[in-house]
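Colleague: Mind looking over this structure? Questions follow.
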Amino acid sequence: MDQRIAEQLTEVTLNSSVQVRCGASNAFLVTASLIEPLITEFEMQGVYISASRGALELINTLNEIGVATENVHFIDCVSSALLGGTESTFPNISFIDSPIMLESILLRTLYHLNTIPADSKFVILDSVNALAIYNEDRMLAEYLHTLINTFRARDVLSVIMNVPDQTPPGVLANLDLYCTDLIDRGQVVIS
Amino acid sequence: MGASDGIELLGKPRGPGSDTMLGTPQYKRDRCVTGVHGLDEILRGGIPYGSTLLGGGTCGSGKTTLAMEFVVNGAAMGEATAYFAATEPSVKLLENVRQFSFFDMDMVDKGLINVFDMDVTYSWLGLTKATFTMDDVNALVKAITDIVNTIGVTRLVIDSVTTLCYKIPNDQLIRDFLFTLGKTLATQGCTTMLIAEITSVGMSHGGGRSLWSSFGVEEAILDGIMVLGDIDRRGHLLRYLQVIKMRGTDHSRAKYAVELTPNGVMLTPMLKWGVDV
């Protein structure tokens, strides 16, 4: 686990929007290092929007390294594209037809946040570069703008993950503008 | 005027009674709060009481869920409500709506939600003909308003009015039926949602005819029009809702994405770059 992420998270407030940059090789480590302190240290509950990989795989991997996932609801935007991908026994997974249904993702997130009893809530979006595969740049920038402001207004901590070198420059620039904090664990590119 | 004067002006309260344009007291009609997530915000507080609203939509767009939620939320606030089911038997309707957490069968048992099968109403009135006459239409309006009066209904849904209007032979008679029904229910303080099935939504190209309703005569008579439809976003159908008209209130005319959650309908503004993908 990357303990520095937990330290950096102590500096953010509930209405913060944190941009987390990671590399292609350390994405899972960063994910685990984010979720673990939010749940155990800060006793938060929240929603994890999973557009990079299937929620089932993610839950199993997190559980294997000892990260509890019962207090997180996963919105899986990937598995509906795979036949049989939505056959899950976990009650904390819901499926979205496609990562192109951006408004549905937002509304489902709001719905699940409403069902969470905790006072302190978070939303993790994993990841902007995965959504960029399916969505046009301008629409994605507009979506991120809406998403960040929606959760800031509701005092829900939003954590936006992205791999900078796989994110369209225009979207990345907007993200820099909208987010209040940055946790940079991006890969160092040696040219 | 210096900068400090400007700040001082901005700091002045501008409540009702102040002499600024923004502070001019405005008359506001009482609202029927729908309780549907996002809809009251779109309508700046709800549907003006006693309005008759057309809820037109394509198949699978969420018309029945929205209408049922409107009725249930009224019942939850202690209002007596009525739902005339013309497209599916009431038993099936209630069975389908039980999956939503907003619905409580107790409300039906306590008489706050009254569901009527339109077929039964027709039989009860002796309206077994394929086509209605003016007298038949009047008898139907009287039967509906009698029920509203007897139970003290303040929220009414007819789902769908299209099925009913198919039995009325011409546009003039449909217009008369809707006008009389709307007028009578309004005088009784009943806010009415008429559900209409439409095949496509928007303006027809060339013909100049709007496609907000089934017969094209409803929109001028009724107080409000709300349409539900789908946007095809690269092969995926995304539901949306748009309020076209609502007399007696300012309202948004933008498209809102609709999500049917276990807790009912939820709305959020549709992404502007995602409307015409």
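Each chain of the structure tokens is named A, B, ... in the order shown, its residues numbered from 1; ligands are numbered from 1 in display order.
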Once DSSP has gone over the backbone, tell me which residues of segment 74-166 of chain B are in strand (DSSP E), as a list in words.
Modeller: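 Here is the list: Ala80, Thr81, Ala82, Tyr83, Phe84, Ala85, Ile113, Asn114, Val115, Phe116, Asp117, Val153, Thr154, Arg155, Leu156, Val157, Ile158 and Asp159 of chain B.
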Colleague: Could you list, with a cut-off of 9 Å and counting only C-alpha atoms, the residues of chain A near chain B, each shown with its nearest atom pair and the distance in Å rounded to one decimal, rows sorted by chain and ascending number, as JSON lines?
Modeller:
{"residue": "A:Asp97", "atom": "CA", "partner": "B:His236", "partner_atom": "CA", "distance": 7.9}
{"residue": "A:Ser98", "atom": "CA", "partner": "B:His236", "partner_atom": "CA", "distance": 7.8}
{"residue": "A:Ile100", "atom": "CA", "partner": "B:Arg233", "partner_atom": "CA", "distance": 7.5}
{"residue": "A:Met101", "atom": "CA", "partner": "B:Leu238", "partner_atom": "CA", "distance": 7.1}
{"residue": "A:Leu102", "atom": "CA", "partner": "B:Leu271", "partner_atom": "CA", "distance": 8.4}
{"residue": "A:Glu103", "atom": "CA", "partner": "B:Ala257", "partner_atom": "CA", "distance": 6.3}
{"residue": "A:Ser104", "atom": "CA", "partner": "B:Glu259", "partner_atom": "CA", "distance": 6.0}
{"residue": "A:Leu106", "atom": "CA", "partner": "B:Thr268", "partner_atom": "CA", "distance": 8.2}
{"residue": "A:Leu107", "atom": "CA", "partner": "B:Glu259", "partner_atom": "CA", "distance": 6.6}
{"residue": "A:Arg108", "atom": "CA", "partner": "B:Thr261", "partner_atom": "CA", "distance": 7.3}
{"residue": "A:Tyr111", "atom": "CA", "partner": "B:Thr261", "partner_atom": "CA", "distance": 7.3}
{"residue": "A:Glu136", "atom": "CA", "partner": "B:Trp273", "partner_atom": "CA", "distance": 8.5}
{"residue": "A:Arg138", "atom": "CA", "partner": "B:Trp273", "partner_atom": "CA", "distance": 6.7}
{"residue": "A:Met139", "atom": "CA", "partner": "B:Trp273", "partner_atom": "CA", "distance": 5.0}
{"residue": "A:Leu140", "atom": "CA", "partner": "B:Trp273", "partner_atom": "CA", "distance": 8.7}
{"residue": "A:Glu142", "atom": "CA", "partner": "B:Leu271", "partner_atom": "CA", "distance": 6.9}
{"residue": "A:Tyr143", "atom": "CA", "partner": "B:Leu271", "partner_atom": "CA", "distance": 6.8}
{"residue": "A:Thr146", "atom": "CA", "partner": "B:Leu271", "partner_atom": "CA", "distance": 8.7}
Colleague: Fewer than 3 positions away in the same chain doesn't count, so skip those; otherwise give me all residues within 7 Å of segment 75-79 of chain A, counting only C-alpha atoms, as a count of residues only.
Modeller: 17
Colleague: Give me, as a PyMOL selection string, all polymer residues having an atom no more than 8 Å from Cys22 of chain A, counting only C-alpha atoms and skipping those fewer than 6 positions away in the same chain.
Modeller: chain A and resi 30+161-164+184-187
Colleague: Mind listing the helix (DSSP H, G or I) residues of segment 20-119 of chain A, per DSSP on the backbone, as a ChimeraX atom specification?
Modeller: /A:27-41,55-64,79-81,102-115
Colleague: Quick one: write out the picked residues with C-alpha atoms as a short mmCIF file (atom, residue, chain, number, x, y, z; two decimals), in the first residue's frame?
Modeller:
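Output saved as part_5.cif:
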data_model
loop_
_atom_site.label_atom_id
_atom_site.label_comp_id
_atom_site.auth_asym_id
_atom_site.auth_seq_id
_atom_site.Cartn_x
_atom_site.Cartn_y
_atom_site.Cartn_z
CA ALA A 27 -3.38 1.60 -11.12
CA PHE A 28 -4.53 -1.20 -8.83
CA LEU A 29 -2.05 -0.29 -6.07
CA VAL A 30 -3.32 3.29 -6.18
CA THR A 31 -6.95 2.09 -6.12
CA ALA A 32 -6.36 -0.09 -3.06
CA SER A 33 -4.36 2.65 -1.33
CA LEU A 34 -7.29 5.03 -1.86
CA ILE A 35 -10.15 2.79 -0.78
CA GLU A 36 -8.50 1.28 2.29
CA PRO A 37 -7.97 4.53 4.28
CA LEU A 38 -11.35 5.95 3.20
CA ILE A 39 -13.14 2.93 4.65
CA THR A 40 -11.02 2.03 7.67
CA GLU A 41 -9.29 5.24 8.73
CA ALA A 55 -16.50 -4.95 -10.34
CA LEU A 56 -16.41 -8.66 -9.49
CA GLU A 57 -12.73 -8.92 -10.38
CA LEU A 58 -12.01 -5.74 -8.46
CA ILE A 59 -13.86 -6.89 -5.32
CA ASN A 60 -12.13 -10.27 -5.35
CA THR A 61 -8.68 -8.69 -5.75
CA LEU A 62 -9.34 -6.12 -3.02
CA ASN A 63 -10.63 -8.83 -0.67
CA GLU A 64 -7.52 -10.94 -1.35
CA SER A 79 -19.46 -6.28 -17.52
CA SER A 80 -22.71 -5.71 -19.44
CA ALA A 81 -20.66 -5.80 -22.62
CA LEU A 102 -23.05 8.84 -18.56
CA GLU A 103 -26.25 10.32 -17.16
CA SER A 104 -27.37 6.86 -15.98
CA ILE A 105 -24.05 6.44 -14.17
CA LEU A 106 -24.59 9.77 -12.40
CA LEU A 107 -28.19 9.00 -11.41
CA ARG A 108 -27.36 5.47 -10.24
CA THR A 109 -24.54 6.92 -8.14
CA LEU A 110 -26.92 9.44 -6.58
CA TYR A 111 -29.46 6.71 -5.91
CA HIS A 112 -26.91 4.49 -4.13
CA LEU A 113 -25.49 7.42 -2.18
CA ASN A 114 -29.01 8.07 -0.91
CA THR A 115 -29.24 4.52 0.40
#
Colleague: Mind checking which residues fall within 10 Å of Gly126 of chain B, counting only C-alpha atoms, ignoring those fewer than 6 positions away in the same chain, and posting them as a list in words?
Modeller: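 Using only C-alpha atoms, the neighbours found are Val120, Asp136 and Ala139 of chain B.
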Colleague: Could you give me, as an MDAnalysis selection string, the residues within 10 Å of Cys179 of chain A, counting only C-alpha atoms and dropping anything in the same chain fewer than 6 positions from it?
Modeller: chainID A and resid 16:20 144:145 148:149 158:160
Colleague: Of the residues A:Arg4, A:Glu87, A:Glu70, A:Phe151, which is the one nearest to Leu125 of chain A, using only C-alpha atoms?
Modeller: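 Distance minimum relative to Leu125 of chain A lands on A:Phe151.
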